[in-house]
Amino acid sequence: PSISRMSTLPLLARRPPDTHMSSDSSGAADGGKARGCCTLALVAFYACVALGFSVLLGSTIKTHGLFPFKLDDASWGVAWLATTVVDYYVVAACMCGVVLASESTLAGIVWCALFCLLGAPFGCAWVIYRMVSTGTLALAAARTHGAQPPAAVSQLGKDLIVAFYGVVGVAFSVRLSWTLYSFPLFPLQSDSAAWAAAWFWTTIGDFYSLTSCMCGIALFTEGAVMGLLWCSSFVLLGGPFFCAWTVFRLWTFGTLALSPNAAGPAYVISNS
């Protein structure tokens, strides 16, 4: 009997694995690899966007200078108008990353098209929609070393945030409407200093309106101190720092999706 029991041990050790469990683990591994490749592709994309805009910004500063403003010079106005338009679309690219990760495919594409074609008022509209429907703008991602998520926002706080973005969206819509009426966008008047100056200021308004939306997301996600530091870099240094924050979030946590609700497990504490 002892010999018989001993002879069965190698057979038990060589028992073939459960094929169902094997296929499940293989599928999970494949899914993880796909997500990892997608994250790396996005990191590379945002890094290239930041580098490309930095080169453009450096070229514009070298060629035309920023200070003092030369609003009576059409070539200066057009150069900085074009640079500011690109800066806006850098911010829009980062915002679209958050939207596409947070919404269904169709809804995300529609929202992104609105940001890109009709401007920052629709960025404010999306932020208002998220605040009303979920009560938060925080990303649904882990924080390392046991850091605690921001405290829940009171109903009054939510109302004030909604009101703020409503005012920003309406105010910029009024400015845009005035500019379109006084200085029609088409045909482009690149030889007119007044036209270039009007659209330069309007595009700055567009940029900072969308920047306020990204600042809301950063403040909800990072907390007061780090959030304010990131927001300061957004406001003062522009598009490359939006990309830097986006790359940081992707590289560290692998997602740009917003939390589905304020009370749910938006943060999975990681000790790694």
# chains A, B, ... in the order shown; residues from 1 in each chain; ligands from 1
call {"tool": "select_by_dssp", "arguments": {"residues": "region 47-98 of chain A", "states": "helix (DSSP H, G or I)", "output": "count of residues only"}}
result
43
call {"tool": "residues_around", "arguments": {"residues": "Val132 (chain A)", "least_positions_apart": "5", "cutoff": "9 Å", "atoms": "only C-alpha atoms", "output": "list in words"}}
result
Val127, Lys158, Asp159 and Val162 of chain A
call {"tool": "closest_residue", "arguments": {"among": "A:Tyr181, A:Tyr89, A:Tyr165, A:Phe122", "to": "Ala50 (chain A)", "atoms": "only C-alpha atoms"}}
result
A:Tyr89
call {"tool": "residues_around", "arguments": {"residues": "Leu40 (chain A)", "least_positions_apart": "4", "cutoff": "10 Å", "atoms": "only C-alpha atoms", "output": "MDAnalysis selection string"}}
result
chainID A and resid 34:36 44:45 247 250:251 254
call {"tool": "write_last_selection", "arguments": {"atoms": "N, CA and C atoms", "output": "mmCIF file, in the first residue's frame"}}
result
data_model
loop_
_atom_site.group_PDB
_atom_site.id
_atom_site.type_symbol
_atom_site.label_atom_id
_atom_site.label_comp_id
_atom_site.auth_asym_id
_atom_site.auth_seq_id
_atom_site.Cartn_x
_atom_site.Cartn_y
_atom_site.Cartn_z
ATOM 1 N N ALA A 34 -3.120 44.550 -23.564
ATOM 2 C CA ALA A 34 -3.750 45.508 -24.466
ATOM 3 C C ALA A 34 -3.907 46.871 -23.802
ATOM 4 N N ARG A 35 -4.350 46.856 -22.519
ATOM 5 C CA ARG A 35 -4.494 48.111 -21.801
ATOM 6 C C ARG A 35 -3.142 48.790 -21.612
ATOM 7 N N GLY A 36 -2.118 47.972 -21.329
ATOM 8 C CA GLY A 36 -0.786 48.539 -21.163
ATOM 9 C C GLY A 36 -0.279 49.186 -22.441
ATOM 10 N N ALA A 44 2.842 58.375 -25.147
ATOM 11 C CA ALA A 44 3.672 58.838 -26.253
ATOM 12 C C ALA A 44 2.979 59.970 -27.018
ATOM 13 N N PHE A 45 1.671 59.837 -27.230
ATOM 14 C CA PHE A 45 0.910 60.872 -27.945
ATOM 15 C C PHE A 45 0.979 62.203 -27.215
ATOM 16 N N VAL A 247 0.086 62.843 -18.736
ATOM 17 C CA VAL A 247 1.065 61.754 -18.800
ATOM 18 C C VAL A 247 1.312 61.175 -17.409
ATOM 19 N N LEU A 250 -1.657 58.986 -16.483
ATOM 20 C CA LEU A 250 -1.668 57.748 -17.269
ATOM 21 C C LEU A 250 -0.544 56.808 -16.835
ATOM 22 N N TRP A 251 0.633 57.352 -16.684
ATOM 23 C CA TRP A 251 1.789 56.528 -16.356
ATOM 24 C C TRP A 251 1.676 55.932 -14.954
ATOM 25 N N GLY A 254 -2.792 54.653 -14.999
ATOM 26 C CA GLY A 254 -3.296 53.931 -16.163
ATOM 27 C C GLY A 254 -4.688 54.299 -16.622
#
call {"tool": "atom_distance", "arguments": {"atom1": "CA of Pro187 (chain A)", "atom2": "CA of Leu56 (chain A)"}}
result
24.6 Å
